[in-house]
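Notes follow the structure.
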Amino acid sequence: MSQVVLDAKIPKGPIEDKWSNHKASVKLVNPANKRKYTIIVVGTGLAGASAAASLAELGYNVLNFCIQDSPRRAHSVAAQGGINAAKNYQNDGDSVFRLFHDTIKGGDYRAREANVYRLAELSLNIIDQAVAQGVPFAREYGGMLANRSFGGAQVSRTFYARGQTGQQLLLGAYSALMRQVAAGRVKLYARREMLDLVVIDGRARGIICRNLITGEIEAYAGDAVCLATGGYSTVYYLSTNAVNSNGTAAWRCFKKGAFFANPCFTQIHPTCLPETGSGQSKLTLMSESLRNDGRVWVPKKKGDTRPPHEIPEDERDYFLERRYPAFGNLVPRDIASRAAKAICDEGYGVGPTGRAVYLDFAEAINRLGIDVIRERYGNLFDMYREITGEDPYKTPMRIYPAPHYTMGGLWVDYNLMTTIPGLYALGEANFSDHGANRLGASALMQGLADGYFIIPVTIGDFLADHRPDGLSTDHPAFAQAIKDVEDQIKRLLSIKGKKTVREFHWELGRIMWDYVGMARNAQGLTKAISDIRALREEFWKNVKVVGENEDYNKSLEFAGRVADYLELGELMAMDALDREESCGGHFREEYQTPDGEALRRDDLFCHVSVWEHKGDIKDSVRHKEPLEFEYVKPTQRSYK
Amino acid sequence: MKFRLKIWRQAGPDQPGRFEEYTVDNISPDMSFLEMLDELNEELVRQDKDPIAFDSDCREGICGACGLMINGMAHGPKLGCTTCELRMREFPDGSLITVEPFRADAFPVIKDLVVDRSALDRIIAAGGYISVNTGSAPDANAIPIPKEIAEEAMDAAACIGCGACVAACPNASAALFTGAKISQLALLPQGHPERERRVISMVNQMDIEGFGNCSNHGECEAACPKGISIVNIARMRREYIRAVRTGGQVRASV
Amino acid sequence: MHGMAKDVTRKGTWQTSLGRKVIMGLTGILLIGYLIIHLTANLLVFAGDGGRLLNLYSHSLHQLGPLLFVARIALAALFIFHIITGIRVVIQNRKARSTRYTMAASKGGPSKMTPASRWMAITGLILLFFVPWHVNMFTLGPYYETVIDGVPMRDLYRLVVERFKDPAIAFTYAAVMLFLCMHLAHGFWSALQSLGALNRRWLPVAYTVGVILAILVAGGFFILPLYTYFFVPMPA
């Protein structure tokens, strides 16, 4: 089916030397020439801010865009738990190889070995960099950095700053960015939404943005474009992502020719607060660390409406401990999420909606005392109480899985370049190093590795071959792109239908959650594809977008994003249908072991599914990048 | 639950604003304040009216994008909580709720309840960083930092940049915001080489932006969703006095 | 990114928002110090000795000669400096929020916002008018003479009692002292905070001490005219 050869440009040599060899062999741009290049960086999260700051430090002109009113608000800010680094400060046998191994295995053998090894290597430098910036990581009394353990690892390698690690790392990158803004090397454009990529002679040369205050459609030209716009979990409407997080920038690049990899690989996080009812705008995540001391259970009787403390011990089903005696409540995210969904689907769920399970700390409080529990999880318990009005010290928490992270994204080679020359994708926006499932505390690591350490090296290799030509936005390609964007906006505003944008988004989210969520099957996916198409058709006939373009107009902003999600959702379903195996976060009910575990089919699907846009979504073509495992041999994951 | 809302509407920065009254019904007590506004906006959209503009993003109290003056209090009546975390059960059923934007001349209104807080970014740009280029850092454990110092720095670093301190301050002072960043970097050894330059630049920028003086009302600490203490303002002042006395130069230790 | 201070001097001055508060704090603390000395002396009215100690004290001050003049100039300068800086602070504060809130309330909790803190400018203004009135009434008032231990000196005691026997003066004076109490209640700890002298441990201590100090100092000045009015006999 595919004639396209995807060259990942993986350097030769043993895996531990690939990155050093590559750094030593890439072409360089003369320091005096760097200022003649303009690099566009879209996004100011961990990947975007670190890239913009680091590129500016090298001397490039950087134009940096963000959708929020300040770069400090990018959604990386919300990551709680920590960041992995193979420092082996604990002397517990950690190493770059072990982090590499854990990440490949955690990703269920669907990631590229060379990339993951480099990620593990760079994890060391990230911690150094962050500490030097003044990130206040947790420390021991002796003044040394503290570590905690996290799911999927047998060593203690997670660095953390209370429950706000993402915030602190982001503020570190943000401070580096603002230093370059003050120095005049980064021009910051806040409250801008990228709506198109400008491709000239097959090369990414600029972007089109909408100014979210004035509605003005603006064009920016550059020598390269780095996309660091995050993931697309909000395709599910309810997710742990921020309300403004969206997939539009990446999606418009897909439509301009960048290939999209593994769109169906999404992560559903097991410990989130359950839905409360209509009107809810997002789901709140509670750190995975809670599963260290909390026990997950449901009543043994279906539809048991007694309050939890009235349900005696022998009428409780601790289903994770029952099904996975070896790992118990600490099974990886995908397995815990699936088990919770399955038990609720069978009718054992608790709470007003029946879509929740208990996470009970009574036993841990008895064993360790309330003070220890307060010290470990105090801020999370407070957060739970704020939101639900219930006291988790007295009554078990109710939790339910929620969409959280997307492993899929724009396909990139080893240099992080997409299939469009000059267009790079960083952080969650690329299809990343996490395979089919991301381990906890690895997203921060990847975003910062991409931004601080990889792109500053690899972009020079490309720019050295492409001399600055002083391209301006007068080029007709910009006018055309502006017109396309304006036309779409006009079209959205002119429909004047009956249904609000949020209603469409909500309906799409339902389809995605029901059929392209935690457990998928061919029948459901086929239905999802036709439902999404029907919804898309209805959207373009019946959506109601109020106001005008020349204004702060949330209704219009969201309309554009939902329009894109109505296409991306279809591609996700197509990809899920195409991948006839279960791996990581992608669970196809047809492919499971007799005891209900994921059944990977390495003989047929040991590859990255890479989609090419061909006009209509249904005509998208799937290419393959085969994955080869030289250093970590694929085995069936077992947590029993 | 049912509420009457008195909300500030303003079409643009140079347009006059006014309050408008709305009624919302069937509001679940578990809804956040912003979800209640979402519901109202859906209704306004259905009636072809302009929805109420307000900023928000993460909706879990960490990004700092949201911020409304609710019944005269920044982020509403509950301590230690952002507008997006505030639940409707905090308000008596049937009550009248007054909603205004954060007001300060340094925070011009963009539309309705949306204000421009980029002044805070410029204060950070003036010196709220440690000048270390990527790649030049020593090993992370090379400089031990006592746990107590790291914790104190973290308390200050918890700032989410929402601007509630400015909004709640009778003088619209940004002292808590600026003090928190200066404090964090002054506590950590990595921040010492530039401490004099930093505090002077940041304080100057704060004044250029048009914020008021800190009169030690301490209302900022009450409004701060992260409970950042005004001891950070005292620390900023110590840093400032020290820097002015040394003429803004690094004091050579002889 | 408009208004980025690029060429801002790297040198700090005392004329920034922070510098001015340092001035306010320093002058404020010194003025409080003066008030305490002043009150201690005034308490001599209560000695019940017909004014002997008070007059002796006043006389001993006058013996300082040029030094007293210098001290008075310094005190006046301190006072004026405090006021001028205070006015500049208030102007900057008013400009910082030209559109006021329709509704504003304290959130409670750790807030230290009280009528005392909110009305610093007003109570300060009242004191600004009070002080010249007070100086004019006593320091520059009529010169009564008395002889103690054979030494002729000014009978300040008589002047004080005479003035405070006028109910209008006694009650106005006492009322102003309530405002002084407010000014000090916020002023004391606020001055220390402005000087960067406080930390987690000392901040609550300073706050409490400030309130107690305000009650004691202003209380002393408050009781003085009323006590005199009601209980002290007019000297012969």
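Chain identifiers are assigned as A, B, and so on, following the order in which chains appear in the structure tokens; residues are numbered from 1 within each chain, and ligands are numbered from 1 in order of appearance.
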
Could I get the residues of chain A with an atom no further than 6 Å from an atom of chain B, each paired with its nearest atom pair and that distance in Å to one decimal, using only C-alpha atoms, sorted by chain and residue number, as a tab-separated table?
residue	atom	partner	partner_atom	distance
A:Ser54	CA	B:Thr134	CA	5.9
A:Arg73	CA	B:Cys63	CA	4.7
A:Asp128	CA	B:Ala140	CA	4.3
A:Gln129	CA	B:Ala137	CA	5.3
A:Val131	CA	B:Ala140	CA	5.8
A:Ala132	CA	B:Ala137	CA	5.8
A:Gln133	CA	B:Ile130	CA	5.4
A:Pro136	CA	B:Met154	CA	5.5
A:Arg139	CA	B:Lys147	CA	5.1
A:Glu140	CA	B:Lys147	CA	5.7
A:Tyr141	CA	B:Lys147	CA	5.0
A:Gly143	CA	B:Ile145	CA	4.3
A:Met144	CA	B:Pro144	CA	5.4
A:Ser175	CA	B:Tyr129	CA	5.0
A:Met178	CA	B:Ala125	CA	4.6
A:Arg179	CA	B:Ala125	CA	5.4
A:Ala182	CA	B:Ala125	CA	5.4
A:Ala242	CA	B:Cys58	CA	3.9
A:Val243	CA	B:Asp57	CA	5.2
A:Asn244	CA	B:Asp57	CA	5.7

I need the chosen residues saved as an mmCIF file, in the first residue's frame, with N, CA and C atoms.
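Contents of out-v6.cif, as written:
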data_model
loop_
_atom_site.group_PDB
_atom_site.id
_atom_site.type_symbol
_atom_site.label_atom_id
_atom_site.label_comp_id
_atom_site.auth_asym_id
_atom_site.auth_seq_id
_atom_site.Cartn_x
_atom_site.Cartn_y
_atom_site.Cartn_z
ATOM 1 N N SER A 54 16.826 28.336 24.095
ATOM 2 C CA SER A 54 18.124 27.765 23.738
ATOM 3 C C SER A 54 18.562 28.224 22.345
ATOM 4 N N ARG A 73 1.735 30.027 31.111
ATOM 5 C CA ARG A 73 0.504 29.297 31.376
ATOM 6 C C ARG A 73 0.348 28.030 30.538
ATOM 7 N N ASP A 128 20.467 18.874 35.650
ATOM 8 C CA ASP A 128 21.527 19.869 35.884
ATOM 9 C C ASP A 128 21.055 21.263 35.466
ATOM 10 N N GLN A 129 20.480 21.324 34.269
ATOM 11 C CA GLN A 129 20.049 22.600 33.728
ATOM 12 C C GLN A 129 18.985 23.240 34.620
ATOM 13 N N VAL A 131 18.315 22.719 37.799
ATOM 14 C CA VAL A 131 18.845 23.154 39.100
ATOM 15 C C VAL A 131 19.597 24.475 38.939
ATOM 16 N N ALA A 132 20.359 24.587 37.872
ATOM 17 C CA ALA A 132 21.117 25.823 37.647
ATOM 18 C C ALA A 132 20.196 27.020 37.434
ATOM 19 N N GLN A 133 18.994 26.750 36.925
ATOM 20 C CA GLN A 133 18.030 27.847 36.692
ATOM 21 C C GLN A 133 17.310 28.265 37.965
ATOM 22 N N PRO A 136 13.394 24.756 42.384
ATOM 23 C CA PRO A 136 13.551 24.269 43.759
ATOM 24 C C PRO A 136 13.071 22.826 43.944
ATOM 25 N N ARG A 139 14.670 18.289 48.405
ATOM 26 C CA ARG A 139 16.019 17.904 48.831
ATOM 27 C C ARG A 139 15.976 17.144 50.141
ATOM 28 N N GLU A 140 17.063 16.430 50.384
ATOM 29 C CA GLU A 140 17.239 15.743 51.653
ATOM 30 C C GLU A 140 17.865 16.727 52.645
ATOM 31 N N TYR A 141 17.928 16.320 53.912
ATOM 32 C CA TYR A 141 18.514 17.224 54.919
ATOM 33 C C TYR A 141 19.966 17.554 54.610
ATOM 34 N N GLY A 143 21.158 18.272 51.910
ATOM 35 C CA GLY A 143 21.264 19.226 50.826
ATOM 36 C C GLY A 143 21.251 18.605 49.445
ATOM 37 N N MET A 144 21.223 17.257 49.382
ATOM 38 C CA MET A 144 21.228 16.587 48.088
ATOM 39 C C MET A 144 19.801 16.433 47.572
ATOM 40 N N SER A 175 11.658 31.390 32.512
ATOM 41 C CA SER A 175 12.589 32.441 32.933
ATOM 42 C C SER A 175 13.736 32.563 31.922
ATOM 43 N N MET A 178 12.250 34.451 29.030
ATOM 44 C CA MET A 178 12.051 35.876 29.267
ATOM 45 C C MET A 178 13.387 36.630 29.280
ATOM 46 N N ARG A 179 14.428 35.922 29.673
ATOM 47 C CA ARG A 179 15.753 36.541 29.623
ATOM 48 C C ARG A 179 16.104 36.866 28.167
ATOM 49 N N ALA A 182 14.016 39.821 26.951
ATOM 50 C CA ALA A 182 14.582 41.102 27.391
ATOM 51 C C ALA A 182 15.814 41.450 26.572
ATOM 52 N N ALA A 242 -5.936 21.325 29.486
ATOM 53 C CA ALA A 242 -6.515 22.655 29.661
ATOM 54 C C ALA A 242 -7.592 22.881 28.602
ATOM 55 N N VAL A 243 -8.497 23.793 28.889
ATOM 56 C CA VAL A 243 -9.595 23.994 27.948
ATOM 57 C C VAL A 243 -9.124 24.576 26.611
ATOM 58 N N ASN A 244 -8.000 25.267 26.625
ATOM 59 C CA ASN A 244 -7.516 25.805 25.350
ATOM 60 C C ASN A 244 -6.557 24.873 24.619
#

Would you kindly return, as a list in words, each protein, DNA or RNA residue with an atom no farther than 8 Å from any atom of segment 133-149 of chain C, considering only C-alpha atoms and excluding same-chain residues fewer than 6 positions away?
Arg52, Leu56, Asp155, Leu156, Arg158, Leu159 and Val160 of chain C

Just the selected residues (N, CA and C atoms), exported as a tab-separated table (two decimals), in the first residue's frame, please.
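Output contents, as saved in result.tsv:
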chain	number	residue	atom	x	y	z
C	52	ARG	N	6.03	69.74	89.61
C	52	ARG	CA	7.45	69.92	89.90
C	52	ARG	C	8.32	69.14	88.91
C	56	LEU	N	10.70	70.56	85.89
C	56	LEU	CA	12.15	70.33	85.96
C	56	LEU	C	12.66	69.68	84.67
C	155	ASP	N	6.65	77.61	83.70
C	155	ASP	CA	5.68	76.73	84.35
C	155	ASP	C	4.81	76.08	83.27
C	156	LEU	N	5.37	75.06	82.67
C	156	LEU	CA	4.67	74.37	81.61
C	156	LEU	C	3.45	73.64	82.15
C	158	ARG	N	1.43	74.43	84.45
C	158	ARG	CA	0.26	75.31	84.57
C	158	ARG	C	-0.44	75.48	83.22
C	159	LEU	N	0.38	75.64	82.19
C	159	LEU	CA	-0.17	75.81	80.84
C	159	LEU	C	-0.96	74.58	80.44
C	160	VAL	N	-0.36	73.42	80.70
C	160	VAL	CA	-1.02	72.17	80.32
C	160	VAL	C	-2.36	72.03	81.01

Show me a table, sorted first by chain and then by increasing residue number, of the residues of chain A having an atom at most 10 Å from chain C, each with its shortest atom pair and the distance in Å to one decimal, counting only C-alpha atoms and written as JSON lines.
{"residue": "A:Val181", "atom": "CA", "partner": "C:Met1", "partner_atom": "CA", "distance": 8.5}
{"residue": "A:Ala182", "atom": "CA", "partner": "C:Met4", "partner_atom": "CA", "distance": 7.3}
{"residue": "A:Ala183", "atom": "CA", "partner": "C:Lys6", "partner_atom": "CA", "distance": 8.7}
{"residue": "A:Gly184", "atom": "CA", "partner": "C:Lys6", "partner_atom": "CA", "distance": 9.9}
{"residue": "A:Lys187", "atom": "CA", "partner": "C:Met1", "partner_atom": "CA", "distance": 8.3}
{"residue": "A:Leu188", "atom": "CA", "partner": "C:Met1", "partner_atom": "CA", "distance": 7.4}
{"residue": "A:Tyr189", "atom": "CA", "partner": "C:Met1", "partner_atom": "CA", "distance": 8.6}
{"residue": "A:Ala190", "atom": "CA", "partner": "C:Met1", "partner_atom": "CA", "distance": 9.5}

Output as a CSV table (one decimal) with C-alpha atoms, in the first residue's frame the set of chain B residues within 6 Å of chain C, with distances taken over only C-alpha atoms.
chain,number,residue,atom,x,y,z
B,72,GLY,CA,-15.3,42.3,46.0
B,73,MET,CA,-12.7,39.5,46.6
B,104,ALA,CA,-5.3,48.0,38.1
B,105,ASP,CA,-4.0,50.6,35.6
B,171,ASN,CA,-2.8,50.1,46.1
B,172,ALA,CA,-2.7,47.7,43.1
B,200,ILE,CA,17.0,46.7,41.2
B,210,GLY,CA,2.5,51.7,37.1
B,211,PHE,CA,1.8,49.4,40.1
B,212,GLY,CA,1.3,51.0,43.5
B,213,ASN,CA,3.4,50.8,46.6
B,216,ASN,CA,1.6,46.2,54.1
B,217,HIS,CA,-2.1,45.5,54.2
B,218,GLY,CA,-1.4,41.8,53.7
B,219,GLU,CA,-4.5,41.4,51.7
B,222,ALA,CA,-5.2,36.3,51.7
B,231,VAL,CA,7.6,37.6,54.4
B,234,ALA,CA,10.2,41.7,53.5
B,235,ARG,CA,13.0,39.6,51.9
B,237,ARG,CA,13.1,44.8,50.7
B,238,ARG,CA,16.2,43.4,52.4
B,244,VAL,CA,21.1,50.2,46.9
B,247,GLY,CA,25.2,50.8,44.4
B,248,GLY,CA,23.8,47.8,42.5

I need the residues in segment 279-319 of chain A that are strand (DSSP E or B) according to DSSP; give them as JSON, numbers by chain.
{"A": [285, 295, 296, 297, 298, 299, 316, 317]}

Restricting the output to C-alpha atoms, write the selected residues as a tab-separated table (two decimals), in the first residue's frame.
chain	number	residue	atom	x	y	z
A	285	LEU	CA	-6.08	14.41	37.57
A	295	ARG	CA	-6.57	0.46	47.63
A	296	VAL	CA	-8.97	0.32	44.74
A	297	TRP	CA	-12.32	-1.43	45.24
A	298	VAL	CA	-15.99	-1.66	44.28
A	299	PRO	CA	-18.87	-3.38	46.08
A	316	ARG	CA	-15.82	-5.47	48.80
A	317	ASP	CA	-13.99	-6.47	45.64
